[in-house]
Amino acid sequence: MNKLVVANIKMNIINLAERERYFESLKEEFKKRKISSIEVVLCPPFVHIESFKKCAKLKNFYVGAQNIFHEEKGPFTGEVSAPMAKSAGADYVILGHSDRRKYFHETDEQVGRKIVLALKSGMTPIVCIGENAVEKKSGKGEEAIFRQLKGCFRDINAAQMEKTVVCYEPVWAISTNNPDHLPTSNEIMTAKLLIKKFIVDNFGAKLVEKVRIIYGGSVSSANAEESCVDSAMDGALVGKESLAPFQFAKIAETIDNS
Ligand code: PGA
């Protein structure tokens with residue numbers, strides 16, 4: 001099972017010139033480093049998926065989308081379906097990100113429908129779950145994690161579950177510059193064990209070593225060892241530092257060499 005490092009580029013990289021600079025620098029940084037088995041998934045905005053696919057010719061590099069709509073086709077102005085993202089070149093798709101839940105009021109039920117559609121189109125869903133600051137403070141973090149897992153994965157079977165990636169991304173730890181606002185490796189490992197328990201209880205023990213569980217939330221080249229290696233995660237979802245090729249390649253190297 002290869003580890004995974006995902007770049008959540010969010011609403012960044014404005015034009016082709018910027019994209020070219022990004023790729024040049026990314027290629028240089030990855031060539032400098034000894035990275036053997038990790039999978040790198042670059043998730044740009046929809047408009048860049050096709051051009052990223054053409055550029056991402058490095059070994060073990062893939063392109064992903066940041067979202068899809070929960071219907072396959074029809075009168076949904078402004079939306080992009082799973083088959084569209086796939087045909088543009090996306091092999092992965094981030095689903096249920098807290099930005100989507102916060103700004104677009106996405107529910108677990110919608111995320112569940114998206115997971116089914118992504119799998120049907122041949123994409124690997126990277127499903128984000130994690131408690132927010134209020135849930136954490138009131139001791140309801142675990143409850144929130146289980147609620148989201150139950151809601152998101154209720155319509156799939158074990159064979160489909162095996163093809164998904166779960167990303168534990170505590171909302172309170174996203175894009176923070178304050179190291180005190182990061183979970184410890186023990187806290188991250190505890191969340192991983194909760195997710196594993198959910199998988200065993202709902203899909204059987206056989207699957208538990210097969211589903212990749214990654215961490216997201218202010219992952220940086222400075223904390224990747226603690227947040228992703230010491231916590232025994234299968235990789236990382238990186239936001240801000242994915243825009244900095246030097247740091248992003250260093251994160252990939254740290255996780256690959258672990
Ligand atoms: P961050 O973003 O690394 O900047 O915290 C992660 C994410 O939101 O996916």
# chains A, B, ... in the order shown; residues from 1 in each chain; ligands from 1
>>> residues_around(residues="segment 213-222 of chain A", least_positions_apart="6", cutoff="6 Å", atoms="only C-alpha atoms", output="number ranges by chain")
A: 165-169, 173-175, 233-238, 247, 250-251
>>> write_last_selection(atoms="N, CA, C and O atoms", output="PDB file, in the first residue's frame")
ATOM      1  N   VAL A 165     -10.019   6.627   0.339  1.00  0.00           N
ATOM      2  CA  VAL A 165      -9.011   7.117   1.279  1.00  0.00           C
ATOM      3  C   VAL A 165      -9.770   7.969   2.296  1.00  0.00           C
ATOM      4  O   VAL A 165     -10.647   8.754   1.917  1.00  0.00           O
ATOM      5  N   VAL A 166      -9.467   7.781   3.578  1.00  0.00           N
ATOM      6  CA  VAL A 166     -10.097   8.619   4.600  1.00  0.00           C
ATOM      7  C   VAL A 166      -9.054   9.626   5.078  1.00  0.00           C
ATOM      8  O   VAL A 166      -7.915   9.248   5.384  1.00  0.00           O
ATOM      9  N   CYS A 167      -9.454  10.881   5.117  1.00  0.00           N
ATOM     10  CA  CYS A 167      -8.530  11.918   5.611  1.00  0.00           C
ATOM     11  C   CYS A 167      -9.051  12.477   6.927  1.00  0.00           C
ATOM     12  O   CYS A 167     -10.131  13.070   6.961  1.00  0.00           O
ATOM     13  N   TYR A 168      -8.289  12.252   7.996  1.00  0.00           N
ATOM     14  CA  TYR A 168      -8.656  12.872   9.268  1.00  0.00           C
ATOM     15  C   TYR A 168      -8.116  14.301   9.255  1.00  0.00           C
ATOM     16  O   TYR A 168      -6.908  14.523   9.247  1.00  0.00           O
ATOM     17  N   GLU A 169      -9.055  15.248   9.222  1.00  0.00           N
ATOM     18  CA  GLU A 169      -8.655  16.653   9.144  1.00  0.00           C
ATOM     19  C   GLU A 169      -9.437  17.456  10.183  1.00  0.00           C
ATOM     20  O   GLU A 169     -10.530  17.962   9.897  1.00  0.00           O
ATOM     21  N   ALA A 173      -7.610  22.658  13.176  1.00  0.00           N
ATOM     22  CA  ALA A 173      -6.159  22.660  12.923  1.00  0.00           C
ATOM     23  C   ALA A 173      -5.811  23.099  11.502  1.00  0.00           C
ATOM     24  O   ALA A 173      -4.644  23.151  11.137  1.00  0.00           O
ATOM     25  N   ILE A 174      -6.838  23.435  10.712  1.00  0.00           N
ATOM     26  CA  ILE A 174      -6.566  23.792   9.314  1.00  0.00           C
ATOM     27  C   ILE A 174      -6.011  25.207   9.211  1.00  0.00           C
ATOM     28  O   ILE A 174      -6.516  26.130   9.855  1.00  0.00           O
ATOM     29  N   SER A 175      -4.989  25.342   8.408  1.00  0.00           N
ATOM     30  CA  SER A 175      -4.389  26.654   8.097  1.00  0.00           C
ATOM     31  C   SER A 175      -4.115  27.514   9.319  1.00  0.00           C
ATOM     32  O   SER A 175      -4.427  28.697   9.336  1.00  0.00           O
ATOM     33  N   MET A 233       0.384   7.635  10.195  1.00  0.00           N
ATOM     34  CA  MET A 233      -0.620   7.855   9.150  1.00  0.00           C
ATOM     35  C   MET A 233      -0.079   7.382   7.801  1.00  0.00           C
ATOM     36  O   MET A 233       1.131   7.238   7.611  1.00  0.00           O
ATOM     37  N   ASP A 234      -0.999   7.173   6.856  1.00  0.00           N
ATOM     38  CA  ASP A 234      -0.592   6.664   5.535  1.00  0.00           C
ATOM     39  C   ASP A 234      -0.342   7.793   4.547  1.00  0.00           C
ATOM     40  O   ASP A 234      -0.302   7.563   3.335  1.00  0.00           O
ATOM     41  N   GLY A 235      -0.199   9.005   5.060  1.00  0.00           N
ATOM     42  CA  GLY A 235       0.083  10.115   4.161  1.00  0.00           C
ATOM     43  C   GLY A 235      -0.491  11.411   4.679  1.00  0.00           C
ATOM     44  O   GLY A 235      -0.886  11.513   5.841  1.00  0.00           O
ATOM     45  N   ALA A 236      -0.551  12.408   3.784  1.00  0.00           N
ATOM     46  CA  ALA A 236      -0.959  13.750   4.202  1.00  0.00           C
ATOM     47  C   ALA A 236      -1.787  14.454   3.136  1.00  0.00           C
ATOM     48  O   ALA A 236      -1.616  14.212   1.938  1.00  0.00           O
ATOM     49  N   LEU A 237      -2.682  15.320   3.610  1.00  0.00           N
ATOM     50  CA  LEU A 237      -3.392  16.257   2.726  1.00  0.00           C
ATOM     51  C   LEU A 237      -2.830  17.634   3.078  1.00  0.00           C
ATOM     52  O   LEU A 237      -2.949  18.081   4.219  1.00  0.00           O
ATOM     53  N   VAL A 238      -2.195  18.263   2.095  1.00  0.00           N
ATOM     54  CA  VAL A 238      -1.458  19.497   2.374  1.00  0.00           C
ATOM     55  C   VAL A 238      -2.120  20.669   1.660  1.00  0.00           C
ATOM     56  O   VAL A 238      -2.327  20.622   0.446  1.00  0.00           O
ATOM     57  N   GLN A 247       8.910  23.060   0.034  1.00  0.00           N
ATOM     58  CA  GLN A 247       8.326  22.477   1.247  1.00  0.00           C
ATOM     59  C   GLN A 247       7.505  21.231   0.938  1.00  0.00           C
ATOM     60  O   GLN A 247       7.558  20.236   1.653  1.00  0.00           O
ATOM     61  N   LYS A 250       9.623  18.312   0.330  1.00  0.00           N
ATOM     62  CA  LYS A 250      10.244  17.870   1.594  1.00  0.00           C
ATOM     63  C   LYS A 250       9.236  17.038   2.415  1.00  0.00           C
ATOM     64  O   LYS A 250       9.596  16.036   3.028  1.00  0.00           O
ATOM     65  N   ILE A 251       7.992  17.459   2.418  1.00  0.00           N
ATOM     66  CA  ILE A 251       6.957  16.694   3.128  1.00  0.00           C
ATOM     67  C   ILE A 251       6.858  15.286   2.518  1.00  0.00           C
ATOM     68  O   ILE A 251       6.837  14.276   3.216  1.00  0.00           O
TER      69      ILE A 251
END
>>> residues_around(residues="Leu95 of chain A", least_positions_apart="3", cutoff="7 Å", atoms="only C-alpha atoms", output="VMD selection string")
chain A and resid 66 to 67 111 125 to 128
>>> residues_around(residues="Lys73 of chain A", least_positions_apart="4", cutoff="12 Å", atoms="only C-alpha atoms", output="mmCIF file with N, CA and C atoms, in the first residue's frame")
data_model
loop_
_atom_site.group_PDB
_atom_site.id
_atom_site.type_symbol
_atom_site.label_atom_id
_atom_site.label_comp_id
_atom_site.auth_asym_id
_atom_site.auth_seq_id
_atom_site.Cartn_x
_atom_site.Cartn_y
_atom_site.Cartn_z
ATOM 1 N N ILE A 68 -16.878 17.304 -6.603
ATOM 2 C CA ILE A 68 -17.776 17.016 -7.729
ATOM 3 C C ILE A 68 -19.193 17.275 -7.224
ATOM 4 N N PHE A 69 -20.156 17.313 -8.135
ATOM 5 C CA PHE A 69 -21.542 17.492 -7.702
ATOM 6 C C PHE A 69 -22.154 16.121 -7.345
ATOM 7 N N THR A 77 -26.662 24.360 -12.856
ATOM 8 C CA THR A 77 -25.797 25.424 -13.371
ATOM 9 C C THR A 77 -24.545 25.618 -12.507
ATOM 10 N N GLY A 78 -23.427 25.598 -13.164
ATOM 11 C CA GLY A 78 -22.173 25.880 -12.469
ATOM 12 C C GLY A 78 -21.514 24.679 -11.837
ATOM 13 N N GLU A 79 -22.137 23.518 -11.933
ATOM 14 C CA GLU A 79 -21.576 22.341 -11.257
ATOM 15 C C GLU A 79 -20.787 21.458 -12.224
ATOM 16 N N VAL A 80 -19.969 20.580 -11.665
ATOM 17 C CA VAL A 80 -19.147 19.653 -12.458
ATOM 18 C C VAL A 80 -19.390 18.242 -11.927
ATOM 19 N N SER A 81 -19.671 17.317 -12.838
ATOM 20 C CA SER A 81 -20.007 15.957 -12.399
ATOM 21 C C SER A 81 -18.758 15.077 -12.304
ATOM 22 N N ALA A 82 -18.952 13.901 -11.693
ATOM 23 C CA ALA A 82 -17.848 12.942 -11.571
ATOM 24 C C ALA A 82 -17.312 12.511 -12.944
ATOM 25 N N PRO A 83 -18.189 12.127 -13.905
ATOM 26 C CA PRO A 83 -17.639 11.719 -15.210
ATOM 27 C C PRO A 83 -16.873 12.854 -15.908
ATOM 28 N N MET A 84 -17.307 14.108 -15.682
ATOM 29 C CA MET A 84 -16.585 15.241 -16.293
ATOM 30 C C MET A 84 -15.190 15.376 -15.698
ATOM 31 N N LEU A 117 -20.708 8.234 -6.686
ATOM 32 C CA LEU A 117 -20.523 8.695 -8.074
ATOM 33 C C LEU A 117 -19.044 8.718 -8.468
#
>>> residues_around(residues="Ala85 of chain A", least_positions_apart="3", cutoff="12 Å", atoms="only C-alpha atoms", output="ChimeraX atom specification")
/A:43-50,53,63-69,72,79-82,88-94,117-118,121-124
>>> write_last_selection(atoms="N, CA and C atoms", output="CSV table (one decimal), in the first residue's frame")
chain,number,residue,atom,x,y,z
A,43,CYS,N,-4.2,18.4,-6.7
A,43,CYS,CA,-5.7,18.7,-6.9
A,43,CYS,C,-5.8,20.2,-7.1
A,44,PRO,N,-5.8,20.6,-8.4
A,44,PRO,CA,-6.0,22.1,-8.7
A,44,PRO,C,-7.5,22.4,-8.9
A,45,PRO,N,-7.9,23.6,-9.1
A,45,PRO,CA,-9.2,23.9,-9.5
A,45,PRO,C,-9.6,23.2,-10.8
A,46,PHE,N,-10.9,23.0,-11.0
A,46,PHE,CA,-11.4,22.3,-12.2
A,46,PHE,C,-10.7,22.7,-13.5
A,47,VAL,N,-10.6,24.1,-13.6
A,47,VAL,CA,-10.2,24.6,-14.9
A,47,VAL,C,-8.7,24.2,-15.3
A,48,HIS,N,-8.0,23.8,-14.3
A,48,HIS,CA,-6.6,23.4,-14.5
A,48,HIS,C,-6.4,21.9,-14.6
A,49,ILE,N,-7.4,21.1,-14.4
A,49,ILE,CA,-7.2,19.7,-14.3
A,49,ILE,C,-6.5,19.1,-15.6
A,50,GLU,N,-7.1,19.5,-16.7
A,50,GLU,CA,-6.5,19.0,-18.0
A,50,GLU,C,-5.1,19.4,-18.2
A,53,LYS,N,-2.8,17.6,-15.9
A,53,LYS,CA,-2.6,16.2,-16.3
A,53,LYS,C,-1.5,16.1,-17.4
A,63,VAL,N,-3.4,13.4,-10.8
A,63,VAL,CA,-4.2,14.6,-10.7
A,63,VAL,C,-5.5,14.3,-10.1
A,64,GLY,N,-6.0,15.2,-9.2
A,64,GLY,CA,-7.3,15.0,-8.6
A,64,GLY,C,-8.2,16.3,-8.7
A,65,ALA,N,-9.5,16.1,-8.4
A,65,ALA,CA,-10.4,17.3,-8.4
A,65,ALA,C,-10.6,17.6,-6.9
A,66,GLN,N,-11.1,18.8,-6.6
A,66,GLN,CA,-11.3,19.2,-5.2
A,66,GLN,C,-12.8,19.0,-4.8
A,67,ASN,N,-13.6,18.6,-5.8
A,67,ASN,CA,-15.0,18.4,-5.5
A,67,ASN,C,-15.7,17.9,-6.7
A,68,ILE,N,-16.9,17.3,-6.6
A,68,ILE,CA,-17.8,17.0,-7.7
A,68,ILE,C,-19.2,17.3,-7.2
A,69,PHE,N,-20.2,17.3,-8.1
A,69,PHE,CA,-21.5,17.5,-7.7
A,69,PHE,C,-22.2,16.1,-7.3
A,72,GLU,N,-25.2,13.1,-11.4
A,72,GLU,CA,-24.3,12.8,-12.5
A,72,GLU,C,-24.4,13.7,-13.7
A,79,GLU,N,-22.1,23.5,-11.9
A,79,GLU,CA,-21.6,22.3,-11.3
A,79,GLU,C,-20.8,21.5,-12.2
A,80,VAL,N,-20.0,20.6,-11.7
A,80,VAL,CA,-19.1,19.7,-12.5
A,80,VAL,C,-19.4,18.2,-11.9
A,81,SER,N,-19.7,17.3,-12.8
A,81,SER,CA,-20.0,16.0,-12.4
A,81,SER,C,-18.8,15.1,-12.3
A,82,ALA,N,-19.0,13.9,-11.7
A,82,ALA,CA,-17.8,12.9,-11.6
A,82,ALA,C,-17.3,12.5,-12.9
A,88,ALA,N,-11.6,14.8,-17.7
A,88,ALA,CA,-10.6,15.9,-17.8
A,88,ALA,C,-9.3,15.4,-17.3
A,89,GLY,N,-9.2,14.3,-16.6
A,89,GLY,CA,-7.9,13.7,-16.1
A,89,GLY,C,-7.8,13.5,-14.6
A,90,ALA,N,-8.9,13.6,-13.9
A,90,ALA,CA,-8.8,13.4,-12.4
A,90,ALA,C,-8.9,11.9,-12.1
A,91,ASP,N,-7.9,11.4,-11.4
A,91,ASP,CA,-8.0,10.0,-10.9
A,91,ASP,C,-8.4,10.0,-9.4
A,92,TYR,N,-8.3,11.1,-8.8
A,92,TYR,CA,-8.7,11.2,-7.3
A,92,TYR,C,-9.7,12.4,-7.2
A,93,VAL,N,-10.4,12.4,-6.1
A,93,VAL,CA,-11.3,13.6,-5.8
A,93,VAL,C,-11.4,13.8,-4.3
A,94,ILE,N,-11.1,15.0,-3.9
A,94,ILE,CA,-11.3,15.4,-2.5
A,94,ILE,C,-12.8,15.6,-2.2
A,117,LEU,N,-20.7,8.2,-6.7
A,117,LEU,CA,-20.5,8.7,-8.1
A,117,LEU,C,-19.0,8.7,-8.5
A,118,ALA,N,-18.2,9.1,-7.5
A,118,ALA,CA,-16.8,9.1,-7.8
A,118,ALA,C,-16.3,7.7,-8.1
A,121,SER,N,-17.3,6.4,-11.5
A,121,SER,CA,-16.5,7.0,-12.6
A,121,SER,C,-15.1,6.6,-12.6
A,122,GLY,N,-14.7,5.8,-11.6
A,122,GLY,CA,-13.3,5.3,-11.6
A,122,GLY,C,-12.3,6.2,-10.9
A,123,MET,N,-12.8,7.1,-10.0
A,123,MET,CA,-11.9,8.0,-9.3
A,123,MET,C,-11.8,7.5,-7.8
A,124,THR,N,-10.7,7.8,-7.2
A,124,THR,CA,-10.5,7.4,-5.8
A,124,THR,C,-11.0,8.6,-4.9
>>> closest_residue(among="A:Gly239, A:Gly139, A:Gly204, A:Gly112", to="Thr164 of chain A", atoms="only C-alpha atoms")
A:Gly112
>>> closest_residue(among="A:Val211, A:Glu241, A:Lys163, A:Asn8", to="Asn177 of chain A", atoms="only C-alpha atoms")
A:Glu241
>>> atom_distance(atom1="atom CA of Glu109 of chain A", atom2="atom CA of Phe153 of chain A")
8.9 Å
>>> residues_around(residues="Val40 of chain A", least_positions_apart="6", cutoff="8 Å", atoms="only C-alpha atoms", output="PDB file with all heavy atoms, in the first residue's frame")
ATOM      1  N   LEU A   4       0.467   8.288   0.526  1.00  0.00           N
ATOM      2  CA  LEU A   4      -0.144   9.276  -0.360  1.00  0.00           C
ATOM      3  C   LEU A   4       0.138  10.688   0.161  1.00  0.00           C
ATOM      4  O   LEU A   4      -0.027  10.944   1.352  1.00  0.00           O
ATOM      5  CB  LEU A   4      -1.648   9.014  -0.282  1.00  0.00           C
ATOM      6  CG  LEU A   4      -2.591   9.557  -1.306  1.00  0.00           C
ATOM      7  CD1 LEU A   4      -2.264   8.951  -2.662  1.00  0.00           C
ATOM      8  CD2 LEU A   4      -4.027   9.196  -0.918  1.00  0.00           C
ATOM      9  N   VAL A   5       0.560  11.566  -0.736  1.00  0.00           N
ATOM     10  CA  VAL A   5       0.667  12.978  -0.344  1.00  0.00           C
ATOM     11  C   VAL A   5      -0.177  13.780  -1.324  1.00  0.00           C
ATOM     12  O   VAL A   5       0.054  13.743  -2.532  1.00  0.00           O
ATOM     13  CB  VAL A   5       2.123  13.469  -0.332  1.00  0.00           C
ATOM     14  CG1 VAL A   5       2.176  14.969  -0.063  1.00  0.00           C
ATOM     15  CG2 VAL A   5       2.896  12.760   0.755  1.00  0.00           C
ATOM     16  N   VAL A   6      -1.178  14.465  -0.793  1.00  0.00           N
ATOM     17  CA  VAL A   6      -2.150  15.153  -1.640  1.00  0.00           C
ATOM     18  C   VAL A   6      -1.977  16.665  -1.506  1.00  0.00           C
ATOM     19  O   VAL A   6      -1.917  17.189  -0.388  1.00  0.00           O
ATOM     20  CB  VAL A   6      -3.594  14.774  -1.212  1.00  0.00           C
ATOM     21  CG1 VAL A   6      -4.614  15.397  -2.152  1.00  0.00           C
ATOM     22  CG2 VAL A   6      -3.755  13.266  -1.140  1.00  0.00           C
ATOM     23  N   ALA A   7      -1.899  17.346  -2.648  1.00  0.00           N
ATOM     24  CA  ALA A   7      -1.831  18.814  -2.642  1.00  0.00           C
ATOM     25  C   ALA A   7      -3.234  19.361  -2.862  1.00  0.00           C
ATOM     26  O   ALA A   7      -3.802  19.200  -3.942  1.00  0.00           O
ATOM     27  CB  ALA A   7      -0.906  19.294  -3.761  1.00  0.00           C
ATOM     28  N   ASN A  60       4.715   8.345 -10.496  1.00  0.00           N
ATOM     29  CA  ASN A  60       3.799   8.308  -9.344  1.00  0.00           C
ATOM     30  C   ASN A  60       3.051   9.608  -9.067  1.00  0.00           C
ATOM     31  O   ASN A  60       2.619   9.852  -7.951  1.00  0.00           O
ATOM     32  CB  ASN A  60       4.536   7.883  -8.067  1.00  0.00           C
ATOM     33  CG  ASN A  60       4.961   6.442  -8.137  1.00  0.00           C
ATOM     34  OD1 ASN A  60       4.462   5.682  -8.971  1.00  0.00           O
ATOM     35  ND2 ASN A  60       5.877   6.053  -7.287  1.00  0.00           N
ATOM     36  N   PHE A  61       2.949  10.483 -10.072  1.00  0.00           N
ATOM     37  CA  PHE A  61       2.154  11.702  -9.922  1.00  0.00           C
ATOM     38  C   PHE A  61       0.765  11.506 -10.522  1.00  0.00           C
ATOM     39  O   PHE A  61       0.635  10.954 -11.613  1.00  0.00           O
ATOM     40  CB  PHE A  61       2.832  12.889 -10.632  1.00  0.00           C
ATOM     41  CG  PHE A  61       3.735  13.681  -9.740  1.00  0.00           C
ATOM     42  CD1 PHE A  61       4.834  13.086  -9.154  1.00  0.00           C
ATOM     43  CD2 PHE A  61       3.492  15.021  -9.479  1.00  0.00           C
ATOM     44  CE1 PHE A  61       5.675  13.808  -8.321  1.00  0.00           C
ATOM     45  CE2 PHE A  61       4.329  15.753  -8.652  1.00  0.00           C
ATOM     46  CZ  PHE A  61       5.418  15.151  -8.070  1.00  0.00           C
ATOM     47  N   TYR A  62      -0.246  11.985  -9.825  1.00  0.00           N
ATOM     48  CA  TYR A  62      -1.630  11.893 -10.303  1.00  0.00           C
ATOM     49  C   TYR A  62      -2.296  13.261 -10.141  1.00  0.00           C
ATOM     50  O   TYR A  62      -1.807  14.104  -9.400  1.00  0.00           O
ATOM     51  CB  TYR A  62      -2.425  10.859  -9.491  1.00  0.00           C
ATOM     52  CG  TYR A  62      -1.855   9.469  -9.587  1.00  0.00           C
ATOM     53  CD1 TYR A  62      -0.840   9.061  -8.733  1.00  0.00           C
ATOM     54  CD2 TYR A  62      -2.319   8.582 -10.553  1.00  0.00           C
ATOM     55  CE1 TYR A  62      -0.295   7.784  -8.824  1.00  0.00           C
ATOM     56  CE2 TYR A  62      -1.779   7.304 -10.652  1.00  0.00           C
ATOM     57  CZ  TYR A  62      -0.766   6.918  -9.778  1.00  0.00           C
ATOM     58  OH  TYR A  62      -0.234   5.669  -9.889  1.00  0.00           O
ATOM     59  N   ALA A 252       6.820  15.241   1.172  1.00  0.00           N
ATOM     60  CA  ALA A 252       6.718  13.942   0.484  1.00  0.00           C
ATOM     61  C   ALA A 252       7.913  13.063   0.830  1.00  0.00           C
ATOM     62  O   ALA A 252       7.759  11.870   1.099  1.00  0.00           O
ATOM     63  CB  ALA A 252       6.627  14.172  -1.026  1.00  0.00           C
TER      64      ALA A 252
END
>>> select_by_dssp(residues="segment 51-163 of chain A", states="strand (DSSP E or B)", output="count of residues only")
15
>>> residues_around(residues="Gly151 of chain A", least_positions_apart="6", cutoff="12 Å", atoms="only C-alpha atoms", output="compact mmCIF listing (two decimals) with N, CA, C and O atoms, in the first residue's frame")
# COMPACT_ATOMS: atom_id res chain seq x y z
N GLY A 96 -16.01 16.25 0.78
CA GLY A 96 -16.38 16.58 2.16
C GLY A 96 -15.38 17.48 2.86
O GLY A 96 -15.33 17.51 4.10
N GLU A 106 -22.48 21.62 2.77
CA GLU A 106 -22.55 20.22 2.34
C GLU A 106 -22.81 19.31 3.53
O GLU A 106 -22.24 19.48 4.60
N THR A 107 -23.66 18.32 3.30
CA THR A 107 -24.01 17.40 4.38
C THR A 107 -23.30 16.05 4.16
O THR A 107 -22.84 15.76 3.05
N ASP A 108 -23.30 15.23 5.20
CA ASP A 108 -22.70 13.89 5.07
C ASP A 108 -23.46 13.08 4.03
O ASP A 108 -22.86 12.28 3.30
N GLU A 109 -24.76 13.31 3.96
CA GLU A 109 -25.58 12.56 2.99
C GLU A 109 -25.13 12.91 1.56
O GLU A 109 -24.98 12.02 0.72
N GLN A 110 -24.88 14.18 1.30
CA GLN A 110 -24.40 14.58 -0.04
C GLN A 110 -23.01 14.02 -0.32
O GLN A 110 -22.72 13.55 -1.42
N VAL A 111 -22.16 14.07 0.71
CA VAL A 111 -20.80 13.52 0.53
C VAL A 111 -20.91 12.03 0.19
O VAL A 111 -20.21 11.53 -0.70
N GLY A 112 -21.84 11.34 0.87
CA GLY A 112 -22.05 9.91 0.59
C GLY A 112 -22.43 9.68 -0.87
O GLY A 112 -21.93 8.75 -1.51
N ARG A 113 -23.30 10.52 -1.40
CA ARG A 113 -23.71 10.37 -2.80
C ARG A 113 -22.54 10.64 -3.74
O ARG A 113 -22.36 9.99 -4.77
N LYS A 114 -21.73 11.61 -3.37
CA LYS A 114 -20.55 11.93 -4.19
C LYS A 114 -19.55 10.76 -4.20
O LYS A 114 -18.91 10.49 -5.22
N ILE A 115 -19.41 10.11 -3.04
CA ILE A 115 -18.47 8.97 -2.97
C ILE A 115 -18.91 7.90 -3.98
O ILE A 115 -18.09 7.38 -4.75
N VAL A 127 -11.86 11.22 1.37
CA VAL A 127 -13.01 11.75 2.13
C VAL A 127 -12.54 12.39 3.43
O VAL A 127 -11.94 11.73 4.29
N ILE A 129 -12.94 14.02 7.03
CA ILE A 129 -13.80 14.06 8.22
C ILE A 129 -12.97 14.64 9.37
O ILE A 129 -11.74 14.54 9.36
N ALA A 144 -18.47 13.33 16.79
CA ALA A 144 -18.55 14.00 15.48
C ALA A 144 -17.89 13.14 14.40
O ALA A 144 -18.40 13.00 13.29
N ILE A 145 -16.75 12.55 14.75
CA ILE A 145 -16.03 11.72 13.77
C ILE A 145 -16.91 10.52 13.37
O ILE A 145 -17.09 10.24 12.18
N PHE A 198 -14.26 1.92 13.13
CA PHE A 198 -15.45 2.07 12.29
C PHE A 198 -15.38 1.12 11.09
O PHE A 198 -16.37 0.47 10.73
>>> closest_residue(among="A:Lys210, A:Lys120, A:Arg147, A:Arg100", to="ligand 1", atoms="only C-alpha atoms and all ligand atoms")
A:Arg100
